[in-house]
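What's in entry16.pdb: PDB, C-alpha atoms
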```pdb
ATOM      1  CA  MET S  29     -27.856   7.382  53.992
ATOM      2  CA  SER S  30     -29.558  10.496  52.670
ATOM      3  CA  LEU S  31     -31.867  10.404  49.690
ATOM      4  CA  LEU S  32     -29.289  12.380  47.688
ATOM      5  CA  SER S  33     -26.580   9.836  48.499
ATOM      6  CA  GLN S  34     -28.873   6.992  47.549
ATOM      7  CA  LEU S  35     -29.597   8.640  44.222
ATOM      8  CA  GLN S  36     -25.873   9.145  43.617
ATOM      9  CA  VAL S  37     -25.211   5.456  44.282
ATOM     10  CA  VAL S  38     -28.022   4.416  41.948
ATOM     11  CA  CYS S  39     -26.713   6.718  39.230
ATOM     12  CA  LEU S  40     -23.196   5.320  39.654
ATOM     13  CA  LEU S  41     -24.483   1.765  39.380
ATOM     14  CA  LEU S  42     -26.467   2.629  36.265
ATOM     15  CA  VAL S  43     -23.392   4.199  34.649
ATOM     16  CA  GLN S  44     -21.307   1.135  35.469
ATOM     17  CA  LEU S  45     -24.001  -1.151  34.115
ATOM     18  CA  GLN S  46     -24.253   0.907  30.944
ATOM     19  CA  GLN S  47     -20.487   0.810  30.442
ATOM     20  CA  SER S  48     -20.504  -2.933  30.985
ATOM     21  CA  VAL S  49     -23.276  -3.400  28.466
ATOM     22  CA  PHE S  50     -21.539  -1.194  25.934
ATOM     23  CA  SER S  51     -18.156  -2.858  26.370
ATOM     24  CA  ASN S  52     -19.745  -6.288  25.987
ATOM     25  CA  ALA S  53     -22.560  -5.246  23.718
ATOM     26  CA  PHE S  54     -21.617  -7.673  21.059
ATOM     27  CA  ASN S  55     -19.657 -10.858  20.606
ATOM     28  CA  SER S  56     -19.136 -13.246  17.723
ATOM     29  CA  ASP S  57     -21.524 -15.789  19.230
ATOM     30  CA  GLU S  58     -24.436 -13.441  18.455
ATOM     31  CA  TRP S  59     -24.201 -14.090  14.709
ATOM     32  CA  ASP S  60     -23.299 -17.179  12.730
ATOM     33  CA  HIS S  61     -23.148 -16.261   9.038
ATOM     34  CA  PHE S  62     -23.050 -13.432   6.513
ATOM     35  CA  VAL S  63     -25.580 -12.343   3.930
ATOM     36  CA  PHE S  64     -23.688 -11.054   0.890
ATOM     37  CA  ALA S  65     -25.682  -8.828  -1.466
ATOM     38  CA  GLN S  66     -24.798  -7.669  -4.963
ATOM     39  CA  GLN S  67     -26.884  -5.302  -7.079
ATOM     40  CA  TRP S  68     -27.181  -4.646 -10.806
ATOM     41  CA  PRO S  69     -26.386  -0.914 -11.216
ATOM     42  CA  MET S  70     -28.526  -0.336 -14.301
ATOM     43  CA  THR S  71     -31.632  -1.525 -12.496
ATOM     44  CA  SER S  72     -30.768   0.752  -9.583
ATOM     45  CA  CYS S  73     -30.733   3.662 -12.021
ATOM     46  CA  ILE S  74     -34.028   2.568 -13.538
ATOM     47  CA  GLU S  75     -35.523   2.621 -10.048
ATOM     48  CA  VAL S  76     -34.085   6.094  -9.415
ATOM     49  CA  ASN S  77     -35.652   7.331 -12.649
ATOM     50  CA  MET S  78     -38.990   5.858 -11.544
ATOM     51  CA  THR S  79     -38.920   7.597  -8.165
ATOM     52  CA  HIS S  80     -37.124  10.821  -9.188
ATOM     53  CA  GLU S  81     -35.643  11.007  -5.703
ATOM     54  CA  HIS S  82     -31.972  11.127  -6.714
ATOM     55  CA  VAL S  83     -29.590  11.674  -9.596
ATOM     56  CA  CYS S  84     -28.117   8.434 -10.910
ATOM     57  CA  TYR S  85     -24.639   8.118 -12.373
ATOM     58  CA  ILE S  86     -22.751   4.919 -13.201
ATOM     59  CA  PRO S  87     -18.987   5.525 -13.528
ATOM     60  CA  ARG S  88     -17.693   4.312 -16.883
ATOM     61  CA  ASN S  89     -15.402   1.723 -15.329
ATOM     62  CA  VAL S  90     -18.389  -0.014 -13.709
ATOM     63  CA  SER S  91     -19.437  -2.885 -15.954
ATOM     64  CA  THR S  92     -20.502  -5.617 -13.566
ATOM     65  CA  TRP S  93     -22.566  -6.396 -10.470
ATOM     66  CA  THR S  94     -21.556  -4.241  -7.520
ATOM     67  CA  VAL S  95     -21.556  -4.865  -3.791
ATOM     68  CA  HIS S  96     -24.519  -3.738  -1.746
ATOM     69  CA  GLY S  97     -23.403  -5.154   1.564
ATOM     70  CA  LEU S  98     -21.821  -7.850   3.710
ATOM     71  CA  TRP S  99     -24.208  -8.360   6.620
ATOM     72  CA  PRO S 100     -23.552 -10.422   9.777
ATOM     73  CA  SER S 101     -26.710 -12.367  10.576
ATOM     74  CA  GLU S 102     -27.969 -14.817  13.158
ATOM     75  CA  GLY S 103     -30.177 -17.759  12.257
ATOM     76  CA  SER S 104     -33.407 -16.701  10.608
ATOM     77  CA  SER S 105     -33.176 -13.082  11.746
ATOM     78  CA  MET S 106     -31.542 -10.068  10.139
ATOM     79  CA  GLY S 107     -28.824  -8.407  12.156
ATOM     80  CA  PRO S 108     -27.309  -7.599  14.614
ATOM     81  CA  GLU S 109     -26.924  -3.984  13.544
ATOM     82  CA  PHE S 110     -25.105  -0.826  14.727
ATOM     83  CA  CYS S 111     -22.865  -2.616  17.232
ATOM     84  CA  ASN S 112     -20.809  -0.720  19.836
ATOM     85  CA  THR S 113     -21.566   2.637  18.210
ATOM     86  CA  GLU S 114     -21.859   4.414  21.565
ATOM     87  CA  SER S 115     -18.153   4.096  22.345
ATOM     88  CA  HIS S 116     -17.099   5.859  19.104
ATOM     89  CA  LYS S 117     -14.176   3.441  18.810
ATOM     90  CA  LEU S 118     -15.627   2.158  15.550
ATOM     91  CA  ASP S 119     -16.687   5.470  14.028
ATOM     92  CA  PHE S 120     -16.411   5.668  10.251
ATOM     93  CA  ASP S 121     -13.125   7.173   9.033
ATOM     94  CA  PRO S 122     -13.071   7.960   5.280
ATOM     95  CA  ALA S 123      -9.270   8.281   5.312
ATOM     96  CA  LEU S 124      -8.899   4.577   6.057
ATOM     97  CA  LEU S 125     -10.410   3.719   2.678
ATOM     98  CA  ASP S 126      -7.901   5.696   0.599
ATOM     99  CA  PRO S 127      -5.824   2.582  -0.301
ATOM    100  CA  ILE S 128      -8.844   0.934  -1.961
ATOM    101  CA  LEU S 129     -10.841   3.990  -3.079
ATOM    102  CA  ALA S 130     -10.575   3.203  -6.799
ATOM    103  CA  GLN S 131     -11.723  -0.387  -6.163
ATOM    104  CA  LEU S 132     -14.636   0.788  -4.038
ATOM    105  CA  ILE S 133     -15.788   3.141  -6.778
ATOM    106  CA  LYS S 134     -15.690   0.264  -9.266
ATOM    107  CA  TYR S 135     -16.996  -2.648  -7.199
ATOM    108  CA  TRP S 136     -18.906  -1.099  -4.247
ATOM    109  CA  THR S 137     -20.388   1.783  -6.184
ATOM    110  CA  ASN S 138     -22.461   4.663  -4.884
ATOM    111  CA  ILE S 139     -24.570   5.485  -7.942
ATOM    112  CA  TYR S 140     -26.333   8.448  -6.316
ATOM    113  CA  GLN S 141     -24.448  11.398  -7.784
ATOM    114  CA  ASP S 142     -26.268  13.908  -5.578
ATOM    115  CA  THR S 143     -24.909  12.311  -2.380
ATOM    116  CA  ASP S 144     -21.584  12.385  -0.604
ATOM    117  CA  LEU S 145     -19.553   9.538  -2.123
ATOM    118  CA  TYR S 146     -18.734   8.122   1.315
ATOM    119  CA  ASN S 147     -22.338   8.170   2.538
ATOM    120  CA  PHE S 148     -23.092   4.662   1.221
ATOM    121  CA  TRP S 149     -19.930   3.152   2.719
ATOM    122  CA  LYS S 150     -20.502   4.910   6.033
ATOM    123  CA  HIS S 151     -23.976   3.381   6.207
ATOM    124  CA  GLU S 152     -22.708  -0.128   5.466
ATOM    125  CA  TRP S 153     -19.868   0.152   7.990
ATOM    126  CA  CYS S 154     -21.952   1.642  10.786
ATOM    127  CA  LYS S 155     -24.918  -0.690  10.367
ATOM    128  CA  HIS S 156     -23.109  -3.924   9.519
ATOM    129  CA  GLY S 157     -19.322  -3.607   9.632
ATOM    130  CA  THR S 158     -19.304  -2.633  13.300
ATOM    131  CA  CYS S 159     -20.915  -5.996  14.059
ATOM    132  CA  ALA S 160     -18.414  -7.983  11.994
ATOM    133  CA  VAL S 161     -15.295  -6.814  13.844
ATOM    134  CA  THR S 162     -15.252  -9.770  16.232
ATOM    135  CA  LEU S 163     -14.095 -11.852  13.252
ATOM    136  CA  GLU S 164     -10.360 -11.325  12.736
ATOM    137  CA  SER S 165     -10.531 -11.316   8.950
ATOM    138  CA  VAL S 166     -12.859  -8.278   8.982
ATOM    139  CA  ASP S 167     -11.942  -6.652  12.303
ATOM    140  CA  SER S 168     -11.253  -3.196  10.868
ATOM    141  CA  GLU S 169     -12.912  -0.795   8.464
ATOM    142  CA  LEU S 170     -10.320  -1.426   5.752
ATOM    143  CA  LYS S 171     -10.442  -5.215   6.151
ATOM    144  CA  TYR S 172     -14.230  -5.209   6.007
ATOM    145  CA  PHE S 173     -14.438  -3.341   2.718
ATOM    146  CA  LYS S 174     -11.521  -5.282   1.245
ATOM    147  CA  LYS S 175     -13.369  -8.504   1.997
ATOM    148  CA  GLY S 176     -16.505  -7.267   0.255
ATOM    149  CA  ILE S 177     -14.479  -6.502  -2.873
ATOM    150  CA  GLN S 178     -12.762  -9.901  -2.679
ATOM    151  CA  LEU S 179     -16.135 -11.643  -2.449
ATOM    152  CA  GLN S 180     -17.438  -9.671  -5.425
ATOM    153  CA  ASN S 181     -14.526 -10.995  -7.477
ATOM    154  CA  GLN S 182     -14.831 -14.517  -6.070
ATOM    155  CA  PHE S 183     -18.576 -14.690  -6.693
ATOM    156  CA  ASP S 184     -18.611 -12.788  -9.984
ATOM    157  CA  LEU S 185     -22.312 -12.788 -10.858
ATOM    158  CA  LEU S 186     -21.715 -11.399 -14.346
ATOM    159  CA  ARG S 187     -19.514 -14.421 -15.107
ATOM    160  CA  ILE S 188     -21.773 -16.891 -13.294
ATOM    161  CA  LEU S 189     -24.831 -15.755 -15.225
ATOM    162  CA  ARG S 190     -22.945 -15.653 -18.531
ATOM    163  CA  GLU S 191     -21.830 -19.248 -18.008
ATOM    164  CA  GLY S 192     -25.522 -20.081 -17.570
ATOM    165  CA  GLY S 193     -26.369 -18.459 -20.900
ATOM    166  CA  ILE S 194     -27.704 -15.222 -19.364
ATOM    167  CA  THR S 195     -26.232 -11.909 -20.526
ATOM    168  CA  PRO S 196     -27.497  -8.313 -20.259
ATOM    169  CA  SER S 197     -29.897  -7.441 -23.056
ATOM    170  CA  ASP S 198     -32.509  -4.815 -23.848
ATOM    171  CA  GLU S 199     -34.304  -7.154 -26.269
ATOM    172  CA  THR S 200     -34.277 -10.510 -24.492
ATOM    173  CA  THR S 201     -35.923 -11.430 -21.199
ATOM    174  CA  TYR S 202     -35.343 -14.573 -19.162
ATOM    175  CA  GLU S 203     -37.439 -16.963 -17.167
ATOM    176  CA  TYR S 204     -37.094 -16.794 -13.394
ATOM    177  CA  THR S 205     -35.943 -20.418 -13.321
ATOM    178  CA  GLU S 206     -33.158 -19.639 -15.824
ATOM    179  CA  PHE S 207     -31.740 -17.037 -13.460
ATOM    180  CA  LEU S 208     -32.181 -19.213 -10.405
ATOM    181  CA  ASN S 209     -30.602 -22.298 -11.961
ATOM    182  CA  ALA S 210     -27.598 -20.376 -13.296
ATOM    183  CA  LEU S 211     -26.990 -18.745  -9.921
ATOM    184  CA  GLU S 212     -27.376 -22.025  -8.033
ATOM    185  CA  ARG S 213     -24.774 -23.699 -10.241
ATOM    186  CA  GLY S 214     -22.361 -20.812  -9.767
ATOM    187  CA  LEU S 215     -22.849 -20.837  -5.994
ATOM    188  CA  GLY S 216     -22.163 -24.536  -5.588
ATOM    189  CA  GLY S 217     -25.784 -25.629  -5.468
ATOM    190  CA  PHE S 218     -26.922 -23.148  -2.840
ATOM    191  CA  GLN S 219     -30.069 -21.149  -3.571
ATOM    192  CA  PRO S 220     -29.854 -17.344  -3.515
ATOM    193  CA  LYS S 221     -32.633 -14.825  -3.033
ATOM    194  CA  ILE S 222     -33.432 -12.715  -6.074
ATOM    195  CA  PHE S 223     -35.038  -9.270  -5.886
ATOM    196  CA  CYS S 224     -36.511  -7.218  -8.712
ATOM    197  CA  VAL S 225     -37.664  -3.693  -9.422
ATOM    198  CA  HIS S 226     -41.234  -3.741 -10.715
ATOM    199  CA  ASP S 227     -42.259  -1.114 -13.231
ATOM    200  CA  LYS S 228     -46.039  -1.007 -12.982
ATOM    201  CA  VAL S 229     -46.341   1.217 -16.063
ATOM    202  CA  THR S 230     -44.497  -1.075 -18.479
ATOM    203  CA  LYS S 231     -45.362  -4.196 -16.451
ATOM    204  CA  THR S 232     -41.693  -5.185 -16.427
ATOM    205  CA  GLN S 233     -39.659  -6.685 -13.624
ATOM    206  CA  TYR S 234     -35.952  -5.900 -13.726
ATOM    207  CA  ILE S 235     -33.392  -8.027 -11.912
ATOM    208  CA  ALA S 236     -32.078  -5.802  -9.112
ATOM    209  CA  GLN S 237     -30.289  -7.700  -6.364
ATOM    210  CA  VAL S 238     -28.971 -11.157  -5.530
ATOM    211  CA  GLU S 239     -28.381 -12.217  -1.925
ATOM    212  CA  PHE S 240     -26.782 -15.416  -0.666
ATOM    213  CA  CYS S 241     -25.199 -16.589   2.557
ATOM    214  CA  THR S 242     -21.650 -17.489   3.546
ATOM    215  CA  ASP S 243     -20.151 -18.994   6.666
ATOM    216  CA  LYS S 244     -17.484 -17.159   8.656
ATOM    217  CA  ASN S 245     -14.852 -18.587   6.321
ATOM    218  CA  PHE S 246     -16.734 -16.984   3.423
ATOM    219  CA  ASN S 247     -17.835 -20.222   1.802
ATOM    220  CA  ALA S 248     -21.295 -20.167   0.221
ATOM    221  CA  ILE S 249     -23.909 -21.939   2.348
ATOM    222  CA  GLU S 250     -27.677 -22.399   2.376
ATOM    223  CA  CYS S 251     -29.432 -19.419   3.936
ATOM    224  CA  PRO S 252     -31.770 -20.003   6.885
ATOM    225  CA  ALA S 253     -35.387 -19.171   6.079
ATOM    226  CA  LYS S 254     -35.884 -15.511   6.920
ATOM    227  CA  GLN S 255     -37.858 -12.445   6.063
ATOM    228  CA  ARG S 256     -36.261  -9.618   4.119
ATOM    229  CA  ASP S 257     -35.026  -6.660   6.127
ATOM    230  CA  SER S 258     -37.668  -3.910   5.932
ATOM    231  CA  LEU S 259     -35.146  -1.065   6.215
ATOM    232  CA  TYR S 260     -32.711   0.061   3.572
ATOM    233  CA  PHE S 261     -29.973   2.554   2.853
ATOM    234  CA  VAL S 262     -31.316   6.100   2.665
ATOM    235  CA  PRO S 263     -28.939   8.335   0.680
ATOM    236  CA  GLU S 264     -28.391  11.828   2.045
ATOM    237  CA  SER S 265     -28.487  14.339  -0.799
ATOM    238  CA  VAL S 266     -25.808  17.008  -0.873
ATOM    239  CA  ASN S 267     -25.349  20.082  -3.025
ATOM    240  CA  GLN S 268     -21.913  19.097  -4.314
ATOM    241  CA  GLN S 269     -22.088  16.634  -7.194
ATOM    242  CA  LEU S 270     -19.129  14.537  -8.270
ATOM    243  CA  PRO S 271     -17.840  15.149 -11.810
ATOM    244  CA  ARG S 272     -18.393  12.489 -14.439
ATOM    245  CA  GLY S 273     -15.407  10.510 -15.665
ATOM    246  CA  ARG S 274     -13.497   7.861 -13.698
ATOM    247  CA  LEU S 275     -10.273   9.802 -12.988
ATOM    248  CA  LYS S 276     -12.042  13.049 -12.144
ATOM    249  CA  TYR S 277     -14.512  11.089 -10.001
ATOM    250  CA  ALA S 278     -11.785   9.483  -7.882
ATOM    251  CA  ALA S 279      -9.773  12.711  -7.614
ATOM    252  CA  ALA S 280     -12.845  14.660  -6.523
ATOM    253  CA  ALA S 281     -13.663  11.980  -3.958
ATOM    254  CA  LYS S 282     -10.251  12.368  -2.328
ATOM    255  CA  SER S 283     -10.611  16.142  -2.440
ATOM    256  CA  MET S 284     -13.999  15.961  -0.714
ATOM    257  CA  ARG S 285     -12.546  13.660   1.933
ATOM    258  CA  ARG S 286      -9.708  16.126   2.632
ATOM    259  CA  GLN S 287     -12.293  18.873   3.068
ATOM    260  CA  MET S 288     -14.165  16.926   5.754
ATOM    261  CA  LYS S 289     -13.720  18.342   9.225
ATOM    262  CA  GLY S 290     -13.430  16.518  12.502
ATOM    263  CA  GLY S 291     -11.887  13.277  11.245
ATOM    264  CA  PRO S 292     -13.958  10.098  11.833
ATOM    265  CA  GLU S 293     -17.727  10.460  11.574
ATOM    266  CA  SER S 294     -19.974   9.238  14.381
ATOM    267  CA  CYS S 295     -21.834   5.993  13.806
ATOM    268  CA  GLN S 296     -24.048   6.826  16.782
ATOM    269  CA  GLN S 297     -25.580   9.787  14.961
ATOM    270  CA  HIS S 298     -26.004   7.639  11.882
ATOM    271  CA  SER S 299     -27.832   4.896  13.772
ATOM    272  CA  ASP S 300     -30.130   7.469  15.366
ATOM    273  CA  ARG S 301     -31.334   8.665  11.966
ATOM    274  CA  VAL S 302     -34.838   7.525  11.079
ATOM    275  CA  GLN S 303     -34.906   5.219   8.068
ATOM    276  CA  ARG S 304     -37.772   4.822   5.662
ATOM    277  CA  PRO S 305     -39.250   1.575   4.396
ATOM    278  CA  LYS S 306     -38.042   0.406   1.004
ATOM    279  CA  LEU S 307     -40.237   1.580  -1.842
ATOM    280  CA  ASP S 308     -42.703  -0.922  -3.261
ATOM    281  CA  SER S 309     -40.821  -0.928  -6.583
ATOM    282  CA  GLU S 310     -38.291  -3.470  -5.230
ATOM    283  CA  SER S 311     -39.419  -6.823  -3.870
ATOM    284  CA  PRO S 312     -38.809 -10.531  -4.441
ATOM    285  CA  CYS S 313     -38.986 -11.401  -8.142
ATOM    286  CA  GLN S 314     -42.218 -13.011  -9.320
ATOM    287  CA  ASP S 315     -41.339 -16.524 -10.454
ATOM    288  CA  THR S 316     -44.217 -16.545 -12.947
ATOM    289  CA  GLU S 317     -43.007 -13.459 -14.842
ATOM    290  CA  ALA S 318     -40.057 -12.903 -17.178
ATOM    291  CA  LEU S 319     -37.023 -11.010 -15.856
ATOM    292  CA  ALA S 320     -35.360  -8.137 -17.711
ATOM    293  CA  TYR S 321     -31.580  -7.831 -17.379
ATOM    294  CA  PRO S 322     -30.888  -4.395 -18.911
ATOM    295  CA  VAL S 323     -27.581  -3.390 -20.481
ATOM    296  CA  ILE S 324     -25.575  -0.856 -18.453
ATOM    297  CA  LYS S 325     -25.702   2.554 -20.117
ATOM    298  CA  TYR S 326     -23.604   5.604 -19.379
ATOM    299  CA  SER S 327     -25.200   8.313 -21.553
ATOM    300  CA  ARG S 328     -26.879  11.230 -19.832
ATOM    301  CA  GLN S 329     -30.012  10.745 -21.907
ATOM    302  CA  MET S 330     -30.492   7.102 -20.912
ATOM    303  CA  LEU S 331     -29.794   7.741 -17.235
ATOM    304  CA  GLY S 332     -31.942  10.854 -17.032
ATOM    305  CA  ILE S 333     -29.098  13.098 -15.800
TER
END
```

How does this structure look as structure tokens?
Amino acid sequence: MSLLSQLQVVCLLLVQLQQSVFSNAFNSDEWDHFVFAQQWPMTSCIEVNMTHEHVCYIPRNVSTWTVHGLWPSEGSSMGPEFCNTESHKLDFDPALLDPILAQLIKYWTNIYQDTDLYNFWKHEWCKHGTCAVTLESVDSELKYFKKGIQLQNQFDLLRILREGGITPSDETTYEYTEFLNALERGLGGFQPKIFCVHDKVTKTQYIAQVEFCTDKNFNAIECPAKQRDSLYFVPESVNQQLPRGRLKYAAAAKSMRRQMKGGPESCQQHSDRVQRPKLDSESPCQDTEALAYPVIKYSRQMLGI
């Protein structure tokens, strides 16, 4: 056999191996639980105003904790991530979210007004949703985002904290243990992880995000000991800003989606994008310091927009 023929055979075998790996790149045995994360939108805006990297806008119908993500995880590690993106079968399709667009805006909110509305959801689907599809209850883009909204309503942190005597306030702060105890009671005795934004100028830590684990039936469980993921969602700024006001916001979102060309957007390109480490302003809350739980504000002056 000539050298050329040998090379052709090797190339063929490599292609077949690659296809086999891609077609079996992921199965449900590679993860055993979810991490469900909710964020307090006002703190997210405070962080934006500290970094001046984006323009923050909270739609007026947003009055509670919003979904950050629903992340398949294995044991004490974060991930898997970006599953089966090479085949393009799971590329992000904004049109599939039309039936729940209003709910997504309210409960899975993209607060970065200078970004494409769908950019946040595309990131969450490509990085995490593509790995969840081996579970029947979340085996499509629409099912995945519907489940996140359902979990936000099931584990309503605004209600859980209120029942523990903790409500948003610009005058009152709370002890770390008050937050932790209220959340534990609301989650059936399971301990969440609490993250804060730290303002070094005012020496204030603001409650930012709560993460807890569920099994594949979406029951709260104890999380395995793990380190926090060092990568986070990096919004892509765009020139077109969405108008303020809930109805105009949703209508503009659909209009922007209709203007998109090429249909579904590649998750492969998204996974190839370099991500930056999370800024130092957000990290685990200090249990020796009081926590601020700021009231959501919508005025342009308070949000710096």

- Task: Could you check which of S:His156, S:Lys134, S:Lys175, S:His61 is closest to Gly103 in chain S, using all atoms listed in the file?
- Result: S:His61

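Across S:Tyr234, S:Phe246, S:Tyr85, S:Phe110, the tightest approach to Gln141 in chain S is made by S:Tyr85 when counting all atoms listed in the file.
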
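Between CA of Gly217 in chain S and CA of Leu185 in chain S there is a distance of 14.4 Å.
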
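When CA of Thr316 in chain S is paired with CA of Phe207 in chain S, their separation reads 12.5 Å.
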
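Nearest residue to Trp99 in chain S, choosing from S:Asp315, S:Glu152, S:Glu310, S:Asp126 and counting all atoms listed in the file: S:Glu152.
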
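Atom pair CA of Gln314 in chain S / CA of Ile249 in chain S has a distance of 23.5 Å (rounded to one decimal).
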
Here's a test: counting only C-alpha atoms, identify every protein, DNA and RNA residue with an atom at most 9 Å from (-37.4, -9.8, -2.6) in the file's coordinate frame, and state them as a compact mmCIF listing (two decimals) with C-alpha atoms, in the frame of the given file.
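Below is the file selection_20.txt, written as the result:
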```
# COMPACT_ATOMS: atom_id res chain seq x y z
CA LYS S 221 -32.63 -14.82 -3.03
CA ILE S 222 -33.43 -12.72 -6.07
CA PHE S 223 -35.04 -9.27 -5.89
CA CYS S 224 -36.51 -7.22 -8.71
CA GLN S 237 -30.29 -7.70 -6.36
CA ARG S 256 -36.26 -9.62 4.12
CA GLU S 310 -38.29 -3.47 -5.23
CA SER S 311 -39.42 -6.82 -3.87
CA PRO S 312 -38.81 -10.53 -4.44
CA CYS S 313 -38.99 -11.40 -8.14
CA GLN S 314 -42.22 -13.01 -9.32
```

Given the PyMOL selection byres ((chain S and resi 168) around 12) and the file above, list the residues it selects as a tab-separated table (two decimals) with C-alpha atoms, in the coordinates of the input.
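As written to disk, result.tsv reads:
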```tsv
chain	number	residue	atom	x	y	z
S	117	LYS	CA	-14.18	3.44	18.81
S	118	LEU	CA	-15.63	2.16	15.55
S	119	ASP	CA	-16.69	5.47	14.03
S	120	PHE	CA	-16.41	5.67	10.25
S	121	ASP	CA	-13.12	7.17	9.03
S	124	LEU	CA	-8.90	4.58	6.06
S	125	LEU	CA	-10.41	3.72	2.68
S	153	TRP	CA	-19.87	0.15	7.99
S	154	CYS	CA	-21.95	1.64	10.79
S	156	HIS	CA	-23.11	-3.92	9.52
S	157	GLY	CA	-19.32	-3.61	9.63
S	158	THR	CA	-19.30	-2.63	13.30
S	159	CYS	CA	-20.92	-6.00	14.06
S	160	ALA	CA	-18.41	-7.98	11.99
S	161	VAL	CA	-15.30	-6.81	13.84
S	162	THR	CA	-15.25	-9.77	16.23
S	163	LEU	CA	-14.10	-11.85	13.25
S	164	GLU	CA	-10.36	-11.32	12.74
S	165	SER	CA	-10.53	-11.32	8.95
S	166	VAL	CA	-12.86	-8.28	8.98
S	167	ASP	CA	-11.94	-6.65	12.30
S	169	GLU	CA	-12.91	-0.80	8.46
S	170	LEU	CA	-10.32	-1.43	5.75
S	171	LYS	CA	-10.44	-5.22	6.15
S	172	TYR	CA	-14.23	-5.21	6.01
S	173	PHE	CA	-14.44	-3.34	2.72
S	174	LYS	CA	-11.52	-5.28	1.25
S	175	LYS	CA	-13.37	-8.50	2.00
```

- Selected residue, from S:Val95, S:Glu58, S:Val225, S:Lys150, that lies nearest to Ser294 in chain S when counting all atoms listed in the file: S:Lys150

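If you measure from each of S:Ser197, S:Thr242, S:Ala210, S:Leu215 to Trp59 in chain S using all atoms listed in the file, the closest one turns out to be S:Thr242.
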
- Item | Selected residue, from S:Leu179, S:Ala123, S:Asp227, S:Phe148, that lies nearest to Val76 in chain S when counting only C-alpha atoms | S:Asp227

- Query: Residues at most 8 Å from Tyr321 in chain S, counting all atoms listed in the file, excluding those fewer than 5 positions away in the same chain, as number ranges by chain?
  - Reply: S: 71, 195-198, 201-202, 234-235

- Test item: the PyMOL selection byres ((chain S and resi 188-190) around 10) resolved as an MDAnalysis selection string: chainID S and resid 183:187 191:196 206:215

Mind giving me the axis-aligned box for range 165-181 of chain S with 4 Å on every side, centre plus edges in Å to one decimal, as AutoDock Vina command-line options?
```
--center_x -13.9 --center_y -6.2 --center_z 2.4 --size_x 15.1 --size_y 18.8 --size_z 27.8
```

- Please, which residues are within 10 Å of (-13.7, -1.9, -3.8) by the file's coordinates, counting all atoms listed in the file, and could they come as a VMD selection string? chain S and resid 94 to 95 125 127 to 137 173 to 178 180 to 181

- Task: Write out as a ChimeraX atom specification the residues lying within 12 Å of Ile139 in chain S, counting all atoms listed in the file and excluding same-chain residues fewer than 3 positions away.
- Result: /S:67-76,82-88,90,94-96,132-136,142-149,263,269-270,272,277,326,331,333

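Residue selection for this entry, given the PyMOL selection byres ((chain S and resi 241) around 8), comprises His61, Phe62, Val63, Phe64, Pro220, Glu239, Phe240, Thr242, Asp243, Ala248, Ile249, Glu250 and Cys251 of chain S.
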